[in-house]
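Peer 1: So that you have it, the file is coords-v4.cif, and it contains mmCIF, C-alpha atoms:
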data_run
loop_
_atom_site.label_atom_id
_atom_site.label_comp_id
_atom_site.auth_asym_id
_atom_site.auth_seq_id
_atom_site.Cartn_x
_atom_site.Cartn_y
_atom_site.Cartn_z
CA MET T 260 -12.91 71.18 -14.58
CA CYS T 261 -14.51 70.02 -17.85
CA ARG T 262 -15.84 73.11 -19.55
CA SER T 263 -17.53 71.08 -22.27
CA ILE T 264 -19.73 69.22 -19.77
CA LYS T 265 -23.02 71.05 -19.58
CA THR T 266 -25.46 71.19 -16.68
CA LEU T 267 -27.99 68.41 -17.14
CA ARG T 268 -30.77 69.41 -14.78
CA PRO T 269 -33.62 71.84 -15.16
CA PRO T 270 -33.74 74.77 -15.48
CA ALA T 271 -30.39 74.64 -17.34
CA LEU T 272 -32.06 72.20 -19.74
CA ALA T 273 -35.61 72.86 -20.83
CA GLU T 274 -36.40 69.16 -20.51
CA GLN T 275 -34.95 66.19 -18.68
CA ALA T 276 -31.53 65.04 -19.83
CA THR T 277 -31.56 62.20 -22.31
CA ASP T 278 -29.51 59.04 -21.94
CA ASP T 279 -27.33 60.30 -24.82
CA GLU T 280 -26.67 63.61 -23.03
CA ILE T 281 -25.80 61.77 -19.82
CA ARG T 282 -23.43 59.41 -21.66
CA ALA T 283 -21.77 62.32 -23.49
CA ALA T 284 -21.09 64.07 -20.18
CA ALA T 285 -19.73 60.83 -18.70
CA LEU T 286 -17.46 60.35 -21.69
CA GLN T 287 -16.10 63.90 -21.38
CA TYR T 288 -15.44 63.34 -17.67
CA VAL T 289 -13.59 60.05 -18.24
CA ARG T 290 -11.57 61.60 -21.07
CA LYS T 291 -10.53 64.48 -18.81
CA VAL T 292 -9.65 62.30 -15.83
CA SER T 293 -7.78 59.67 -17.86
CA GLY T 294 -6.02 62.13 -20.14
CA PHE T 295 -7.02 60.06 -23.18
CA ARG T 296 -9.39 61.25 -25.89
CA ALA T 297 -9.48 57.72 -27.27
CA PRO T 298 -7.83 54.96 -25.25
CA ALA T 299 -5.47 52.38 -26.70
CA ALA T 300 -6.98 48.96 -27.40
CA HIS T 301 -5.54 47.53 -24.17
CA ASN T 302 -7.34 50.25 -22.16
CA GLN T 303 -10.64 50.28 -24.07
CA GLU T 304 -12.53 47.90 -21.77
CA VAL T 305 -11.69 49.74 -18.55
CA PHE T 306 -12.37 53.07 -20.26
CA ASP T 307 -15.82 51.89 -21.41
CA ARG T 308 -16.63 50.52 -17.94
CA ALA T 309 -15.71 53.86 -16.41
CA VAL T 310 -17.97 55.74 -18.84
CA ALA T 311 -20.85 53.37 -18.02
CA ALA T 312 -20.29 53.74 -14.26
CA VAL T 313 -20.15 57.54 -14.45
CA ALA T 314 -23.26 57.63 -16.65
CA GLU T 315 -25.13 55.42 -14.18
CA ALA T 316 -24.06 57.56 -11.22
CA THR T 317 -25.09 60.70 -13.12
CA ALA T 318 -28.54 59.29 -13.95
CA GLU T 319 -28.98 58.32 -10.29
CA LEU T 320 -27.95 61.80 -9.16
CA LEU T 321 -30.33 63.52 -11.57
CA ALA T 322 -33.16 61.20 -10.55
CA GLY T 323 -32.68 62.03 -6.89
CA LEU T 324 -32.23 65.79 -7.13
CA GLU T 325 -35.05 67.94 -5.86
CA VAL T 326 -35.22 70.99 -8.07
CA ARG T 327 -37.19 73.82 -6.54
CA GLY T 328 -39.57 75.82 -8.66
CA GLY T 329 -41.72 73.02 -9.99
CA ALA T 330 -39.32 71.13 -12.24
CA GLN T 331 -39.70 67.39 -11.88
CA PRO T 332 -36.66 65.16 -11.24
CA ARG T 333 -35.57 62.65 -13.89
CA ARG T 334 -36.89 59.12 -13.36
CA ALA T 335 -34.33 56.34 -13.15
CA ASP T 336 -35.19 53.61 -15.66
#
Using the file provided, produce a representation of the structure as structure tokens.
Peer 2:
Amino acid sequence: MCRSIKTLRPPALAEQATDDEIRAAALQYVRKVSGFRAPAAHNQEVFDRAVAAVAEATAELLAGLEVRGGAQPRRAD
């Protein structure tokens, strides 16, 4: 779907994904789904809320994944 969204879990990343990496992936997802690279002013608030919700869901997913082979899951802050 979004080729520019990279895998954010080990071993694809050497370390745990940062909040910035998670937000960047969320932004790419919302851009793809909405069809807007940058929303108009009247859509900015809902666009930003969607990015925040996707980022939160992504952080929760990464925190809960059990990665076999010794890599530790990301802690939810």
Peer 1: Separation of atom CA of T:Ala276 and atom CA of T:Ala299, in Å?
Peer 2: 29.8 Å
Peer 1: In Å, with one decimal, what is the gap from atom CA of T:Glu280 to atom CA of T:Gly328?
Peer 2: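 These two atoms are separated by 22.8 Å.
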Peer 1: Rank nothing, just name the residue among T:Val326, T:Leu321, T:Ala283, T:Ala309 nearest to T:Ser263, using all atoms listed in the file.
Peer 2: T:Ala283
Peer 1: Applying 12 Å and only C-alpha atoms, which residues near T:Lys265 remain after dropping the ones on its own chain fewer than 4 positions away? List them as a list of chain:residue names.
Peer 2: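 The contact residues come out as T:Met260, T:Cys261, T:Pro269, T:Ala271, T:Leu272, T:Ala276, T:Glu280, T:Ile281, T:Arg282, T:Ala283, T:Ala284, T:Ala285, T:Gln287, T:Tyr288.
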Peer 1: Could you list, as a ChimeraX atom specification, every residue matched by the PyMOL selection byres ((chain T and resi 306) around 12) in this structure?
Peer 2: /T:285-305,307-313
Peer 1: What is the atom CA of T:Glu325 to atom CA of T:Arg268 distance in Å?
Peer 2: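 Taking atom CA of T:Glu325 and atom CA of T:Arg268, their separation equals 10.0 Å.
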